[in-house]
Every structure is written in structure tokens, then in C-alpha cells.
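These notes are about the structure you will find just below.
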Amino acid sequence: SRGEGYSRGISSPSSSWSSCSRLSPFLAFGHLSVRTVSQRIAEKQRALRAEKQAKKLMRTDNDWLRSLSAFHSRIRWRAHFMQKLESEPAIEFHAQCRAYDTLRCGEGDWNHAHYKAWAEGRTGFPMVDACMRCLIRHGWLNFRMRAMLVSFACWNLWLDWRGIASALARVFLDYEPGIHYPQLQMQAGATGINAMR
């Protein structure tokens, strides 16, 4: 069932479609609370651990435990990023590390033709274009492919993260500002705390 292979399939562009929870739009729009998700994860973990103690646990149930733990970690990180925006609302407009505020903002840095090609999935780089077209069509991509799109735009096309933010926000079915802006900055290398990717 969905989620059992979460820890193994979350990073893959093809397996993530069936291994990720796909709950993010419901969380983003408030149709489902983080508390409810957390409680259901904990209930399933308790049940699987009880089965394990009773020696009724099948090998695949260990995958479930690993996946539930990984998913729970993601849920906690989600809360962390939401709180970060609440505490520092300026990160929507300014780099977390202000020394990077002018990065990619020099005269001639913004190339609208590059931006348009990227936003439409027409860069000529097959993986980038396939991911952007998929995102435009379905409104969802796994986190690694989202990171690749931002990284490519900021590093290969030298586009400012603030300039690409709205294009992605419009197509993400699960757009959540608290996650969106810190992740954009992280991939763009504007946080000052993460290694350049």
C-alpha cells in the first residue's frame, strides 16, 4: 500500500509517485492536521512494534517501520520550516544570510529568455524539462526533483531565487510558503548555513 516503500522510494522520480504519502495538499489547505497525521503514524508504529514483539512481524513490516519513521521525520521538518517563516517573515524577500541578498541581482544577471524556457520546460536539458512539464501538468514532484529544478535555475541559469518563486508557487498543488521560501534559498545557496549544491 502507499507509503510502505516511502524510505526507499522517496528520492526516485518514478517510485515516489506510489511511495510518497501525497498528503501535502491536504496539509497545505488545512483539510488534514499535522497532529492527526502524527497520531496515525504513532498508532501504526505501536501496532507494528507489538506485532514484532509477538514475533508476528513479516519482513515487509520492517520496511513499514523504517518508512513511518522517515515520514514522521519529514512531518517534523515541515513544522520546523513553517515556524521559521512565522519567526522570520522577511525570508520571503531576503536571504536568510543577508550577505547573499545581492547574489544574482547584478546588472544583466536576470535573463528573461532563460527564465521563460525554464518555467515552460523548454531548456533543452531533458531531465529538467521533463520535471517542469510534469510539475505543470500534475502539480506535484518529489522533493529531490523540486530541488533539482531550483538548483538548475539558480546555478545553471543564474536566476535569482526570488524571481523563480512565484512560477513554482503557481504550479505546486501543495504550495506552502513556510516550506517554499526556505527550500528555495537552500537550493540557491542563500542560507549561509548549508553546503552549496
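Each chain in the C-alpha cells gets a letter, A, B, ..., in the order shown, and its residues are numbered from 1; ligands are numbered from 1 in order too.
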Give me, as a list of chain:residue names, all polymer residues having an atom no more than 8 Å from stretch 183-193 of chain A, counting only C-alpha atoms and skipping those fewer than 2 positions away in the same chain.
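Listed by chain and then number, they are A:Ala95, A:Gln96, A:Cys97, A:Tyr100, A:Asp101, A:Ala147, A:Val150, A:Ser151, A:Cys154, A:Trp155, A:Asp160, A:Trp161, A:Ala165, A:Ile179, A:His180, A:Tyr181, A:Ala195, A:Met196, A:Arg197.
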Applying 12 Å and only C-alpha atoms, which residues near stretch 108-125 of chain A remain after dropping the ones on its own chain fewer than 6 positions away? List them as a ChimeraX atom specification.
/A:102,131-137,148-171
Output file for the selection above: N, CA and C atoms, as an mmCIF file, in the first residue's frame:
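Dumped to part_23.cif:
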data_model
loop_
_atom_site.group_PDB
_atom_site.id
_atom_site.type_symbol
_atom_site.label_atom_id
_atom_site.label_comp_id
_atom_site.auth_asym_id
_atom_site.auth_seq_id
_atom_site.Cartn_x
_atom_site.Cartn_y
_atom_site.Cartn_z
ATOM 1 N N THR A 102 22.411 40.124 -2.527
ATOM 2 C CA THR A 102 22.691 40.687 -3.857
ATOM 3 C C THR A 102 23.180 39.644 -4.865
ATOM 4 N N CYS A 131 10.823 17.226 -15.709
ATOM 5 C CA CYS A 131 10.331 17.520 -14.362
ATOM 6 C C CYS A 131 9.430 18.747 -14.360
ATOM 7 N N MET A 132 9.825 19.796 -15.073
ATOM 8 C CA MET A 132 8.992 21.002 -15.097
ATOM 9 C C MET A 132 7.659 20.731 -15.778
ATOM 10 N N ARG A 133 7.685 20.002 -16.863
ATOM 11 C CA ARG A 133 6.424 19.691 -17.559
ATOM 12 C C ARG A 133 5.525 18.807 -16.707
ATOM 13 N N CYS A 134 6.122 17.882 -15.989
ATOM 14 C CA CYS A 134 5.368 17.032 -15.073
ATOM 15 C C CYS A 134 4.731 17.881 -13.974
ATOM 16 N N LEU A 135 5.509 18.791 -13.421
ATOM 17 C CA LEU A 135 5.003 19.676 -12.376
ATOM 18 C C LEU A 135 3.858 20.540 -12.895
ATOM 19 N N ILE A 136 4.008 21.076 -14.080
ATOM 20 C CA ILE A 136 2.953 21.912 -14.665
ATOM 21 C C ILE A 136 1.681 21.089 -14.871
ATOM 22 N N ARG A 137 1.853 19.877 -15.324
ATOM 23 C CA ARG A 137 0.682 19.039 -15.622
ATOM 24 C C ARG A 137 0.000 18.486 -14.370
ATOM 25 N N MET A 148 16.112 19.916 -7.665
ATOM 26 C CA MET A 148 16.874 19.979 -8.907
ATOM 27 C C MET A 148 16.400 21.142 -9.781
ATOM 28 N N LEU A 149 15.089 21.351 -9.856
ATOM 29 C CA LEU A 149 14.567 22.462 -10.669
ATOM 30 C C LEU A 149 15.084 23.806 -10.165
ATOM 31 N N VAL A 150 15.050 23.987 -8.855
ATOM 32 C CA VAL A 150 15.513 25.249 -8.269
ATOM 33 C C VAL A 150 17.024 25.391 -8.442
ATOM 34 N N SER A 151 17.741 24.329 -8.143
ATOM 35 C CA SER A 151 19.185 24.358 -8.272
ATOM 36 C C SER A 151 19.610 24.686 -9.709
ATOM 37 N N PHE A 152 18.959 24.064 -10.678
ATOM 38 C CA PHE A 152 19.280 24.319 -12.083
ATOM 39 C C PHE A 152 19.006 25.783 -12.444
ATOM 40 N N ALA A 153 17.853 26.292 -12.021
ATOM 41 C CA ALA A 153 17.506 27.681 -12.338
ATOM 42 C C ALA A 153 18.499 28.660 -11.720
ATOM 43 N N CYS A 154 18.883 28.400 -10.476
ATOM 44 C CA CYS A 154 19.749 29.344 -9.765
ATOM 45 C C CYS A 154 21.221 29.215 -10.130
ATOM 46 N N TRP A 155 21.688 28.011 -10.365
ATOM 47 C CA TRP A 155 23.111 27.826 -10.622
ATOM 48 C C TRP A 155 23.449 27.751 -12.104
ATOM 49 N N ASN A 156 22.677 27.006 -12.860
ATOM 50 C CA ASN A 156 22.988 26.871 -14.285
ATOM 51 C C ASN A 156 22.504 28.065 -15.103
ATOM 52 N N LEU A 157 21.330 28.579 -14.746
ATOM 53 C CA LEU A 157 20.787 29.727 -15.491
ATOM 54 C C LEU A 157 21.053 31.048 -14.781
ATOM 55 N N TRP A 158 21.589 30.999 -13.590
ATOM 56 C CA TRP A 158 21.945 32.162 -12.768
ATOM 57 C C TRP A 158 20.740 33.084 -12.533
ATOM 58 N N LEU A 159 19.598 32.465 -12.217
ATOM 59 C CA LEU A 159 18.381 33.221 -11.919
ATOM 60 C C LEU A 159 18.245 33.384 -10.411
ATOM 61 N N ASP A 160 17.783 34.527 -9.996
ATOM 62 C CA ASP A 160 17.581 34.812 -8.578
ATOM 63 C C ASP A 160 16.410 33.986 -8.053
ATOM 64 N N TRP A 161 16.556 33.416 -6.858
ATOM 65 C CA TRP A 161 15.505 32.591 -6.274
ATOM 66 C C TRP A 161 14.202 33.362 -6.114
ATOM 67 N N ARG A 162 14.285 34.657 -5.836
ATOM 68 C CA ARG A 162 13.061 35.460 -5.682
ATOM 69 C C ARG A 162 12.308 35.567 -7.002
ATOM 70 N N GLY A 163 13.047 35.557 -8.109
ATOM 71 C CA GLY A 163 12.431 35.669 -9.422
ATOM 72 C C GLY A 163 11.721 34.406 -9.880
ATOM 73 N N ILE A 164 12.156 33.251 -9.361
ATOM 74 C CA ILE A 164 11.513 31.995 -9.770
ATOM 75 C C ILE A 164 10.444 31.535 -8.783
ATOM 76 N N ALA A 165 10.382 32.180 -7.621
ATOM 77 C CA ALA A 165 9.481 31.740 -6.552
ATOM 78 C C ALA A 165 8.020 31.680 -6.983
ATOM 79 N N SER A 166 7.543 32.715 -7.643
ATOM 80 C CA SER A 166 6.115 32.749 -7.989
ATOM 81 C C SER A 166 5.760 31.736 -9.072
ATOM 82 N N ALA A 167 6.683 31.474 -9.999
ATOM 83 C CA ALA A 167 6.408 30.482 -11.045
ATOM 84 C C ALA A 167 6.158 29.112 -10.422
ATOM 85 N N LEU A 168 6.958 28.752 -9.433
ATOM 86 C CA LEU A 168 6.770 27.470 -8.768
ATOM 87 C C LEU A 168 5.533 27.489 -7.872
ATOM 88 N N ALA A 169 5.329 28.583 -7.166
ATOM 89 C CA ALA A 169 4.161 28.687 -6.277
ATOM 90 C C ALA A 169 2.862 28.489 -7.053
ATOM 91 N N ARG A 170 2.814 28.992 -8.277
ATOM 92 C CA ARG A 170 1.596 28.859 -9.091
ATOM 93 C C ARG A 170 1.310 27.422 -9.506
ATOM 94 N N VAL A 171 2.335 26.602 -9.639
ATOM 95 C CA VAL A 171 2.100 25.242 -10.117
ATOM 96 C C VAL A 171 2.110 24.178 -9.020
#
In terms of the shortest atom-to-atom distance over only C-alpha atoms, which of A:Tyr175, A:Lys84, A:Ala42, A:Ala54 is closest to A:Leu141?
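Result for the nearest residue to A:Leu141: A:Tyr175.
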Rounded to one decimal in Å, what is the spacing between atom CA of A:Val37 and atom CA of A:Gly139?
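Between atom CA of A:Val37 and atom CA of A:Gly139 the gap works out to 21.8 Å.
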Tell me, which residues of stretch 74-139 of chain A carry DSSP helix (DSSP H, G or I), written as a CSV table (one decimal) with N, CA and C atoms, in the first residue's frame?
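Final file, out15.csv:
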chain,number,residue,atom,x,y,z
A,74,ARG,N,10.0,13.8,8.3
A,74,ARG,CA,9.6,14.8,7.3
A,74,ARG,C,8.5,15.7,7.9
A,75,ILE,N,7.5,15.1,8.6
A,75,ILE,CA,6.4,15.9,9.2
A,75,ILE,C,7.0,16.9,10.2
A,76,ARG,N,8.0,16.5,11.0
A,76,ARG,CA,8.6,17.4,12.0
A,76,ARG,C,9.3,18.5,11.3
A,77,TRP,N,10.1,18.2,10.2
A,77,TRP,CA,10.8,19.2,9.4
A,77,TRP,C,9.8,20.2,8.8
A,78,ARG,N,8.7,19.7,8.4
A,78,ARG,CA,7.7,20.6,7.8
A,78,ARG,C,7.3,21.7,8.9
A,79,ALA,N,7.0,21.2,10.1
A,79,ALA,CA,6.7,22.1,11.2
A,79,ALA,C,7.8,23.1,11.4
A,80,HIS,N,9.0,22.6,11.4
A,80,HIS,CA,10.2,23.5,11.6
A,80,HIS,C,10.2,24.6,10.6
A,81,PHE,N,10.0,24.3,9.3
A,81,PHE,CA,10.1,25.3,8.3
A,81,PHE,C,8.9,26.3,8.4
A,82,MET,N,7.8,25.8,8.8
A,82,MET,CA,6.6,26.7,8.9
A,82,MET,C,6.9,27.7,10.1
A,83,GLN,N,7.4,27.2,11.1
A,83,GLN,CA,7.8,28.1,12.3
A,83,GLN,C,8.8,29.1,11.9
A,84,LYS,N,9.8,28.7,11.1
A,84,LYS,CA,10.8,29.6,10.6
A,84,LYS,C,10.3,30.8,9.9
A,85,LEU,N,9.3,30.6,9.0
A,85,LEU,CA,8.7,31.7,8.3
A,85,LEU,C,7.9,32.5,9.3
A,86,GLU,N,7.2,31.9,10.2
A,86,GLU,CA,6.5,32.7,11.3
A,86,GLU,C,7.4,33.6,12.1
A,87,SER,N,8.6,33.0,12.4
A,87,SER,CA,9.5,33.8,13.2
A,87,SER,C,10.3,34.8,12.4
A,89,PRO,N,9.5,36.4,9.0
A,89,PRO,CA,8.7,36.6,7.7
A,89,PRO,C,9.5,37.2,6.6
A,90,ALA,N,10.6,37.9,6.9
A,90,ALA,CA,11.4,38.6,5.9
A,90,ALA,C,12.0,37.6,4.9
A,91,ILE,N,12.1,36.3,5.3
A,91,ILE,CA,12.8,35.3,4.4
A,91,ILE,C,12.0,35.1,3.1
A,92,GLU,N,10.8,35.7,3.0
A,92,GLU,CA,10.1,35.6,1.7
A,92,GLU,C,10.8,36.5,0.7
A,98,ARG,N,22.0,37.6,4.9
A,98,ARG,CA,21.9,38.8,4.2
A,98,ARG,C,23.1,39.1,3.3
A,99,ALA,N,24.2,38.5,3.5
A,99,ALA,CA,25.4,38.6,2.6
A,99,ALA,C,25.1,38.1,1.2
A,100,TYR,N,24.1,37.3,1.1
A,100,TYR,CA,23.7,36.7,-0.2
A,100,TYR,C,22.5,37.5,-0.9
A,112,HIS,N,15.5,36.9,-19.0
A,112,HIS,CA,14.1,36.5,-19.1
A,112,HIS,C,13.9,35.4,-20.1
A,113,ALA,N,14.7,35.3,-21.1
A,113,ALA,CA,14.6,34.2,-22.0
A,113,ALA,C,14.9,32.8,-21.3
A,114,HIS,N,15.9,32.8,-20.5
A,114,HIS,CA,16.2,31.6,-19.7
A,114,HIS,C,15.1,31.3,-18.7
A,115,TYR,N,14.6,32.3,-18.1
A,115,TYR,CA,13.5,32.1,-17.1
A,115,TYR,C,12.3,31.5,-17.8
A,116,LYS,N,11.9,32.1,-18.9
A,116,LYS,CA,10.7,31.6,-19.7
A,116,LYS,C,10.9,30.2,-20.1
A,117,ALA,N,12.1,29.8,-20.6
A,117,ALA,CA,12.4,28.5,-21.1
A,117,ALA,C,12.3,27.5,-19.9
A,118,TRP,N,12.9,27.9,-18.8
A,118,TRP,CA,12.8,27.1,-17.6
A,118,TRP,C,11.4,26.9,-17.1
A,119,ALA,N,10.6,28.0,-17.0
A,119,ALA,CA,9.3,27.9,-16.5
A,119,ALA,C,8.3,27.1,-17.4
A,120,GLU,N,8.7,27.0,-18.6
A,120,GLU,CA,7.8,26.2,-19.6
A,120,GLU,C,8.4,24.8,-19.8
A,126,PRO,N,16.9,17.5,-20.9
A,126,PRO,CA,15.8,16.6,-20.8
A,126,PRO,C,15.2,16.4,-19.4
A,127,MET,N,16.1,16.1,-18.4
A,127,MET,CA,15.6,15.8,-17.1
A,127,MET,C,14.9,17.0,-16.5
A,128,VAL,N,15.5,18.2,-16.7
A,128,VAL,CA,14.9,19.4,-16.1
A,128,VAL,C,13.6,19.7,-16.8
A,129,ASP,N,13.5,19.6,-18.1
A,129,ASP,CA,12.3,19.9,-18.9
A,129,ASP,C,11.2,18.9,-18.5
A,130,ALA,N,11.6,17.6,-18.4
A,130,ALA,CA,10.6,16.6,-18.0
A,130,ALA,C,10.0,16.8,-16.7
A,131,CYS,N,10.8,17.2,-15.7
A,131,CYS,CA,10.3,17.5,-14.4
A,131,CYS,C,9.4,18.7,-14.4
A,132,MET,N,9.8,19.8,-15.1
A,132,MET,CA,9.0,21.0,-15.1
A,132,MET,C,7.7,20.7,-15.8
A,133,ARG,N,7.7,20.0,-16.9
A,133,ARG,CA,6.4,19.7,-17.6
A,133,ARG,C,5.5,18.8,-16.7
A,134,CYS,N,6.1,17.9,-16.0
A,134,CYS,CA,5.4,17.0,-15.1
A,134,CYS,C,4.7,17.9,-14.0
A,135,LEU,N,5.5,18.8,-13.4
A,135,LEU,CA,5.0,19.7,-12.4
A,135,LEU,C,3.9,20.5,-12.9
A,136,ILE,N,4.0,21.1,-14.1
A,136,ILE,CA,3.0,21.9,-14.7
A,136,ILE,C,1.7,21.1,-14.9
A,137,ARG,N,1.9,19.9,-15.3
A,137,ARG,CA,0.7,19.0,-15.6
A,137,ARG,C,0.0,18.5,-14.4
A,138,HIS,N,0.8,18.0,-13.4
A,138,HIS,CA,0.2,17.3,-12.2
A,138,HIS,C,0.3,18.1,-10.9
Hey, can you check how far atom CA of A:Ser21 sits from atom CA of A:Gln53?
26.8 Å
Nearest residue to A:Ser24 out of A:Arg46, A:Lys52, A:His94, A:Phe71, using only C-alpha atoms?
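Nearest candidate to A:Ser24 out of A:Arg46, A:Lys52, A:His94, A:Phe71: A:Phe71.
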Could you state the separation of atom CA of A:Arg66 and atom CA of A:Glu51 in Å, given to one decimal place?
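Separation between atom CA of A:Arg66 and atom CA of A:Glu51: 14.8 Å.
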Show me, as a PyMOL selection string, the residues that have an atom within 10 Å of A:Trp64 when counting only C-alpha atoms, minus same-chain residues fewer than 6 positions from it.
chain A and resi 1+3-7+44-45+48+70
Find the residue from A:Ser69, A:Pro182, A:Ala28, A:Met145 that sits nearest to A:Phe93; use only C-alpha atoms when measuring.
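Checking each candidate against A:Phe93, we get A:Pro182 as the closest.
Among the candidates A:Leu173, A:Gly178, A:Leu68, A:Arg22, the residue lying nearest to A:Ser38 is A:Leu68 (atoms considered: only C-alpha atoms).
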